[in-house]
file start28.pdb (PDB, C-alpha atoms)
ATOM      1  CA  MET M   1     -10.026  -2.795  -4.557
ATOM      2  CA  GLU M   2     -12.624  -0.450  -6.042
ATOM      3  CA  ARG M   3     -15.293  -1.989  -3.830
ATOM      4  CA  ALA M   4     -13.213  -1.341  -0.714
ATOM      5  CA  ARG M   5     -12.621   2.278  -1.740
ATOM      6  CA  ALA M   6     -16.341   2.815  -2.319
ATOM      7  CA  LEU M   7     -17.039   1.363   1.124
ATOM      8  CA  GLU M   8     -14.350   3.596   2.655
ATOM      9  CA  ASP M   9     -16.129   6.608   1.158
ATOM     10  CA  ILE M  10     -19.387   5.484   2.767
ATOM     11  CA  VAL M  11     -18.097   4.631   6.266
ATOM     12  CA  GLY M  12     -15.188   7.082   6.543
ATOM     13  CA  PRO M  13     -17.171  10.212   7.456
ATOM     14  CA  THR M  14     -19.152   8.362  10.126
ATOM     15  CA  ILE M  15     -15.983   6.921  11.661
ATOM     16  CA  GLU M  16     -14.222  10.287  11.674
ATOM     17  CA  GLY M  17     -17.311  12.049  13.009
ATOM     18  CA  LEU M  18     -17.262   9.745  16.035
ATOM     19  CA  GLY M  19     -13.599  10.510  16.811
ATOM     20  CA  TYR M  20     -11.906   7.549  15.147
ATOM     21  CA  GLU M  21      -9.655   7.013  12.148
ATOM     22  CA  LEU M  22     -10.351   4.433   9.472
ATOM     23  CA  VAL M  23      -7.483   1.988   9.117
ATOM     24  CA  ARG M  24      -8.775  -0.506   6.556
ATOM     25  CA  VAL M  25     -11.878  -1.903   4.871
ATOM     26  CA  VAL M  26     -11.807  -5.485   3.575
ATOM     27  CA  VAL M  27     -14.577  -7.622   2.098
ATOM     28  CA  THR M  28     -13.990 -11.380   2.207
ATOM     29  CA  GLY M  29     -16.080 -14.380   1.227
ATOM     30  CA  ARG M  30     -18.671 -14.890  -1.489
ATOM     31  CA  ASP M  31     -21.843 -16.614  -0.283
ATOM     32  CA  ARG M  32     -22.153 -14.542   2.878
ATOM     33  CA  PRO M  33     -19.395 -11.934   2.733
ATOM     34  CA  THR M  34     -17.754 -10.387   5.770
ATOM     35  CA  LEU M  35     -17.232  -6.642   5.757
ATOM     36  CA  GLN M  36     -14.269  -6.007   8.048
ATOM     37  CA  ILE M  37     -13.773  -2.427   9.155
ATOM     38  CA  MET M  38     -10.679  -1.612  11.178
ATOM     39  CA  ALA M  39     -10.507   1.667  13.053
ATOM     40  CA  GLU M  40      -8.510   3.292  15.800
ATOM     41  CA  ARG M  41      -9.148   6.153  18.155
ATOM     42  CA  ALA M  42      -8.034   9.513  16.801
ATOM     43  CA  ASP M  43      -6.744  10.427  20.269
ATOM     44  CA  ARG M  44      -4.445   7.344  20.181
ATOM     45  CA  LYS M  45      -5.966   5.852  23.320
ATOM     46  CA  ALA M  46      -6.416   2.095  23.287
ATOM     47  CA  MET M  47      -9.546   0.808  21.553
ATOM     48  CA  ARG M  48     -12.005  -0.811  23.927
ATOM     49  CA  VAL M  49     -14.820  -3.244  23.217
ATOM     50  CA  GLU M  50     -17.224  -0.348  23.790
ATOM     51  CA  ASP M  51     -15.532   1.626  21.010
ATOM     52  CA  CYS M  52     -16.063  -1.231  18.572
ATOM     53  CA  GLU M  53     -19.679  -1.620  19.719
ATOM     54  CA  ASN M  54     -20.402   2.102  19.233
ATOM     55  CA  LEU M  55     -18.828   2.080  15.800
ATOM     56  CA  SER M  56     -20.668  -1.086  14.848
ATOM     57  CA  ARG M  57     -24.056   0.416  15.768
ATOM     58  CA  ALA M  58     -23.383   3.658  13.895
ATOM     59  CA  LEU M  59     -21.968   1.888  10.845
ATOM     60  CA  SER M  60     -24.812  -0.633  10.746
ATOM     61  CA  ALA M  61     -27.302   2.236  10.515
ATOM     62  CA  LYS M  62     -25.264   3.977   7.804
ATOM     63  CA  LEU M  63     -24.808   0.779   5.798
ATOM     64  CA  ASP M  64     -28.527  -0.067   6.089
ATOM     65  CA  VAL M  65     -29.338   3.277   4.442
ATOM     66  CA  GLU M  66     -26.613   3.098   1.775
ATOM     67  CA  ASP M  67     -27.014  -0.667   1.135
ATOM     68  CA  PRO M  68     -23.633  -1.048  -0.648
ATOM     69  CA  ILE M  69     -23.576  -4.865  -0.554
ATOM     70  CA  ALA M  70     -26.451  -6.549  -2.382
ATOM     71  CA  SER M  71     -26.433  -9.812  -0.410
ATOM     72  CA  GLN M  72     -26.534 -10.475   3.317
ATOM     73  CA  TYR M  73     -23.177  -9.905   4.954
ATOM     74  CA  VAL M  74     -21.505  -9.935   8.340
ATOM     75  CA  LEU M  75     -20.193  -6.637   9.691
ATOM     76  CA  GLU M  76     -17.028  -6.960  11.758
ATOM     77  CA  VAL M  77     -15.619  -3.864  13.447
ATOM     78  CA  SER M  78     -12.225  -4.178  15.115
ATOM     79  CA  SER M  79      -9.112  -2.353  16.182
ATOM     80  CA  PRO M  80      -5.954  -2.884  14.153
ATOM     81  CA  GLY M  81      -4.150  -4.477  17.106
ATOM     82  CA  ILE M  82      -0.550  -3.992  18.073
ATOM     83  CA  ASP M  83       0.867  -5.862  15.062
ATOM     84  CA  ARG M  84      -1.362  -3.791  12.845
ATOM     85  CA  PRO M  85      -1.569  -3.582   9.093
ATOM     86  CA  LEU M  86       0.182  -0.629   7.505
ATOM     87  CA  VAL M  87      -2.067   0.895   4.872
ATOM     88  CA  ARG M  88      -1.596   4.656   4.555
ATOM     89  CA  PRO M  89       1.666   6.523   3.932
ATOM     90  CA  ALA M  90       1.180   8.075   7.394
ATOM     91  CA  ASP M  91       1.289   4.571   8.922
ATOM     92  CA  PHE M  92       4.780   3.984   7.544
ATOM     93  CA  GLU M  93       5.902   7.364   8.899
ATOM     94  CA  ARG M  94       4.238   6.903  12.300
ATOM     95  CA  PHE M  95       5.866   3.515  12.807
ATOM     96  CA  ALA M  96       9.299   4.365  11.404
ATOM     97  CA  GLY M  97      11.910   2.651  13.551
ATOM     98  CA  HIS M  98       9.768  -0.459  14.071
ATOM     99  CA  VAL M  99      10.106  -3.811  12.345
ATOM    100  CA  ALA M 100       7.634  -4.640   9.587
ATOM    101  CA  LYS M 101       6.947  -7.135   6.834
ATOM    102  CA  VAL M 102       6.082  -5.745   3.395
ATOM    103  CA  GLU M 103       4.843  -7.826   0.462
ATOM    104  CA  THR M 104       4.586  -6.534  -3.085
ATOM    105  CA  ARG M 105       2.146  -7.454  -5.846
ATOM    106  CA  ALA M 106       4.974  -8.286  -8.248
ATOM    107  CA  PRO M 107       8.681  -8.947  -7.687
ATOM    108  CA  LEU M 108      10.994  -5.974  -7.217
ATOM    109  CA  ASP M 109      14.588  -6.822  -8.008
ATOM    110  CA  GLY M 110      13.640 -10.510  -7.836
ATOM    111  CA  ARG M 111      11.806 -10.460  -4.502
ATOM    112  CA  LYS M 112       8.296  -9.869  -3.202
ATOM    113  CA  ARG M 113       8.900  -9.950   0.569
ATOM    114  CA  PHE M 114      10.826  -7.401   2.564
ATOM    115  CA  SER M 115      11.288  -7.545   6.350
ATOM    116  CA  GLY M 116      13.185  -5.062   8.415
ATOM    117  CA  ARG M 117      13.152  -1.741  10.223
ATOM    118  CA  LEU M 118      10.943   0.922   8.677
ATOM    119  CA  LEU M 119      12.769   4.111   7.784
ATOM    120  CA  GLY M 120       9.703   6.105   6.679
ATOM    121  CA  VAL M 121       8.433   7.272   3.305
ATOM    122  CA  ALA M 122      10.219   9.358   0.688
ATOM    123  CA  GLU M 123       8.854  10.236  -2.745
ATOM    124  CA  SER M 124       5.991   7.690  -2.494
ATOM    125  CA  ARG M 125       8.396   4.899  -1.601
ATOM    126  CA  VAL M 126       8.555   3.021   1.694
ATOM    127  CA  ARG M 127      12.114   2.832   2.931
ATOM    128  CA  ILE M 128      13.048  -0.278   4.895
ATOM    129  CA  GLU M 129      16.362  -1.510   6.281
ATOM    130  CA  THR M 130      16.548  -5.245   5.577
ATOM    131  CA  LYS M 131      19.285  -7.753   6.449
ATOM    132  CA  GLU M 132      20.436  -7.426   2.838
ATOM    133  CA  GLY M 133      20.627  -3.636   3.109
ATOM    134  CA  PRO M 134      18.292  -0.703   2.503
ATOM    135  CA  ALA M 135      15.336  -1.152   0.149
ATOM    136  CA  GLU M 136      12.738   1.172  -1.282
ATOM    137  CA  VAL M 137       9.297  -0.171  -2.155
ATOM    138  CA  PRO M 138       6.851   1.983  -4.125
ATOM    139  CA  LEU M 139       3.650   2.479  -2.118
ATOM    140  CA  ALA M 140       1.619   1.632  -5.210
ATOM    141  CA  ASP M 141       3.278  -1.809  -5.440
ATOM    142  CA  ILE M 142       2.522  -2.886  -1.850
ATOM    143  CA  ALA M 143      -0.001  -5.715  -1.584
ATOM    144  CA  ARG M 144       0.247  -6.109   2.210
ATOM    145  CA  ALA M 145       2.284  -4.646   5.026
ATOM    146  CA  LYS M 146       2.148  -5.105   8.778
ATOM    147  CA  LEU M 147       4.135  -4.449  11.888
ATOM    148  CA  LEU M 148       5.884  -7.401  13.470
ATOM    149  CA  LEU M 149       5.391  -7.925  17.176
ATOM    150  CA  THR M 150       8.553  -7.037  19.079
ATOM    151  CA  ASP M 151       9.311  -6.048  22.671
ATOM    152  CA  GLU M 152      10.210  -2.608  21.332
ATOM    153  CA  LEU M 153       6.790  -2.229  19.670
ATOM    154  CA  ILE M 154       4.997  -3.339  22.843
ATOM    155  CA  ALA M 155       6.912  -0.786  24.921
ATOM    156  CA  ALA M 156       6.280   2.007  22.400
ATOM    157  CA  THR M 157       2.568   1.191  22.252
ATOM    158  CA  LYS M 158       2.277   1.281  26.035
ATOM    159  CA  ALA M 159       4.113   4.614  26.113
ATOM    160  CA  GLU M 160       1.847   6.054  23.395
ATOM    161  CA  GLU M 161      -1.286   4.918  25.236
ATOM    162  CA  LYS M 162      -0.003   6.341  28.522
ATOM    163  CA  ALA M 163       0.813   9.680  26.871
ATOM    164  CA  ALA M 164      -2.648   9.795  25.265
ATOM    165  CA  ALA M 165      -4.318   8.984  28.592
ATOM    166  CA  THR M 166      -2.496  11.742  30.466
ATOM    167  CA  ALA M 167      -3.062  14.299  27.678
ATOM    168  CA  ASN M 168      -6.830  14.142  28.215
TER     169      ASN M 168
END
call {"tool": "encode", "arguments": {"input": "start28.pdb", "output": "structure tokens"}}
result
Amino acid sequence: MERARALEDIVGPTIEGLGYELVRVVVTGRDRPTLQIMAERADRKAMRVEDCENLSRALSAKLDVEDPIASQYVLEVSSPGIDRPLVRPADFERFAGHVAKVETRAPLDGRKRFSGRLLGVAESRVRIETKEGPAEVPLADIARAKLLLTDELIAATKAEEKAAATAN
């Protein structure tokens, strides 16, 4: 977790300076780790292969200078996709009304998995309407969260992309 935050501090300014928003940084593997950097366009237009290529080139140069990973590693730059991970409090607000799956580090009231419609964030707690009723999950306790692919999400994403395209 600390390693990912340190890497976010290194790559974040470059990503933002190029007109993107950092979604997530993950390092996986031991012998030859993979540094996965997920970003999206700040203007909410759809990410293209060219966007990932541009980011990859700029981040490669930055990471070569900073050298934050001692061994050889693979850099992977991608978009979050439609069934994206939810990482920041703003993600839970932005996608309120959509269906998501949230997993906690430790059980809350006897359960670690919550699926349902996001209701937003209040007082550092993600609110979610599950089949069992409303639940509140502290942001600090979330291990993983992601949107679930639904027809509603697909339609909303298309509408958001269309609105972003016509705004510019």
call {"tool": "closest_residue", "arguments": {"input": "start28.pdb", "among": "M:Glu40, M:Glu76, M:Glu66, M:Asp91", "to": "Thr28 in chain M", "atoms": "only C-alpha atoms"}}
result
M:Glu76
call {"tool": "resolve_selection", "arguments": {"input": "start28.pdb", "expression": "the PyMOL selection byres ((chain M and resi 10-22) around 8)", "output": "VMD selection string"}}
result
chain M and resid 6 to 9 23 to 25 37 to 43 55 58 to 59 62 to 63 66
call {"tool": "resolve_selection", "arguments": {"input": "start28.pdb", "expression": "the PyMOL selection byres ((chain M and resi 147) around 6)", "output": "list in words"}}
result
Asp83, Arg84, Ala100, Lys146 and Leu148 of chain M
call {"tool": "closest_residue", "arguments": {"input": "start28.pdb", "among": "M:Pro107, M:Pro68, M:Gly97, M:Gly133", "to": "Val27 in chain M", "atoms": "all atoms listed in the file"}}
result
M:Pro68
call {"tool": "atom_distance", "arguments": {"input": "start28.pdb", "atom1": "CA of Met47 in chain M", "atom2": "CA of Ser79 in chain M"}}
result
6.2 Å
call {"tool": "closest_residue", "arguments": {"input": "start28.pdb", "among": "M:Arg105, M:Arg44, M:Arg57, M:Arg3", "to": "Val77 in chain M", "atoms": "all atoms listed in the file"}}
result
M:Arg57
call {"tool": "residues_around", "arguments": {"input": "start28.pdb", "residues": "Val74 in chain M", "least_positions_apart": "5", "cutoff": "9 Å", "atoms": "all atoms listed in the file", "output": "list of chain:residue names"}}
result
M:Arg32, M:Pro33, M:Thr34, M:Leu35, M:Gln36
call {"tool": "atom_distance", "arguments": {"input": "start28.pdb", "atom1": "CA of Glu53 in chain M", "atom2": "CA of Leu75 in chain M"}}
result
11.2 Å
call {"tool": "resolve_selection", "arguments": {"input": "start28.pdb", "expression": "the PyMOL selection byres ((chain M and resi 90) around 12)", "output": "list of chain:residue names"}}
result
M:Glu21, M:Val23, M:Leu86, M:Val87, M:Arg88, M:Pro89, M:Asp91, M:Phe92, M:Glu93, M:Arg94, M:Phe95, M:Ala96, M:Gly120, M:Val121, M:Ala122, M:Ser124, M:Arg125, M:Val126, M:Leu139
call {"tool": "atom_distance", "arguments": {"input": "start28.pdb", "atom1": "CA of Asp141 in chain M", "atom2": "CA of Ile128 in chain M"}}
result
14.3 Å
call {"tool": "closest_residue", "arguments": {"input": "start28.pdb", "among": "M:Glu152, M:Glu50, M:Glu160, M:Glu2", "to": "Arg117 in chain M", "atoms": "only C-alpha atoms"}}
result
M:Glu152
call {"tool": "build_atoms", "arguments": {"input": "start28.pdb", "residues": "range 24-48 of chain M", "atoms": "N, CA and C atoms", "output": "short mmCIF file (atom, residue, chain, number, x, y, z; two decimals), in the coordinates of the input"}}
result
data_model
loop_
_atom_site.label_atom_id
_atom_site.label_comp_id
_atom_site.auth_asym_id
_atom_site.auth_seq_id
_atom_site.Cartn_x
_atom_site.Cartn_y
_atom_site.Cartn_z
N ARG M 24 -8.66 0.36 7.74
CA ARG M 24 -8.78 -0.51 6.56
C ARG M 24 -10.20 -1.04 6.43
N VAL M 25 -10.61 -1.24 5.19
CA VAL M 25 -11.88 -1.90 4.87
C VAL M 25 -11.55 -3.09 3.98
N VAL M 26 -12.05 -4.27 4.36
CA VAL M 26 -11.81 -5.48 3.58
C VAL M 26 -13.12 -6.25 3.48
N VAL M 27 -13.42 -6.75 2.28
CA VAL M 27 -14.58 -7.62 2.10
C VAL M 27 -14.04 -8.99 1.72
N THR M 28 -14.43 -10.02 2.49
CA THR M 28 -13.99 -11.38 2.21
C THR M 28 -15.19 -12.29 2.08
N GLY M 29 -15.02 -13.38 1.37
CA GLY M 29 -16.08 -14.38 1.23
C GLY M 29 -17.03 -14.05 0.09
N ARG M 30 -17.76 -15.07 -0.36
CA ARG M 30 -18.67 -14.89 -1.49
C ARG M 30 -20.13 -15.12 -1.11
N ASP M 31 -20.45 -16.29 -0.57
CA ASP M 31 -21.84 -16.61 -0.28
C ASP M 31 -22.45 -15.68 0.76
N ARG M 32 -21.75 -15.50 1.84
CA ARG M 32 -22.15 -14.54 2.88
C ARG M 32 -20.90 -13.76 3.25
N PRO M 33 -20.64 -12.67 2.52
CA PRO M 33 -19.40 -11.93 2.73
C PRO M 33 -19.28 -11.33 4.14
N THR M 34 -18.05 -11.10 4.53
CA THR M 34 -17.75 -10.39 5.77
C THR M 34 -17.16 -9.04 5.40
N LEU M 35 -17.74 -8.00 5.93
CA LEU M 35 -17.23 -6.64 5.76
C LEU M 35 -16.46 -6.30 7.02
N GLN M 36 -15.13 -6.30 6.90
CA GLN M 36 -14.27 -6.01 8.05
C GLN M 36 -13.84 -4.55 7.99
N ILE M 37 -14.15 -3.83 9.05
CA ILE M 37 -13.77 -2.43 9.15
C ILE M 37 -12.87 -2.29 10.37
N MET M 38 -11.66 -1.81 10.11
CA MET M 38 -10.68 -1.61 11.18
C MET M 38 -10.55 -0.12 11.43
N ALA M 39 -10.63 0.25 12.69
CA ALA M 39 -10.51 1.67 13.05
C ALA M 39 -9.71 1.80 14.34
N GLU M 40 -9.21 3.00 14.56
CA GLU M 40 -8.51 3.29 15.80
C GLU M 40 -8.96 4.65 16.30
N ARG M 41 -8.76 4.88 17.57
CA ARG M 41 -9.15 6.15 18.16
C ARG M 41 -8.23 7.25 17.64
N ALA M 42 -8.82 8.38 17.29
CA ALA M 42 -8.03 9.51 16.80
C ALA M 42 -7.14 10.08 17.90
N ASP M 43 -7.55 9.91 19.16
CA ASP M 43 -6.74 10.43 20.27
C ASP M 43 -5.63 9.47 20.69
N ARG M 44 -5.49 8.36 19.98
CA ARG M 44 -4.44 7.34 20.18
C ARG M 44 -4.60 6.55 21.47
N LYS M 45 -5.71 6.71 22.17
CA LYS M 45 -5.97 5.85 23.32
C LYS M 45 -6.28 4.46 22.81
N ALA M 46 -6.14 3.48 23.68
CA ALA M 46 -6.42 2.10 23.29
C ALA M 46 -7.90 1.93 22.96
N MET M 47 -8.17 1.14 21.91
CA MET M 47 -9.55 0.81 21.55
C MET M 47 -10.09 -0.16 22.60
N ARG M 48 -11.33 0.07 22.99
CA ARG M 48 -12.00 -0.81 23.93
C ARG M 48 -13.14 -1.51 23.19
#
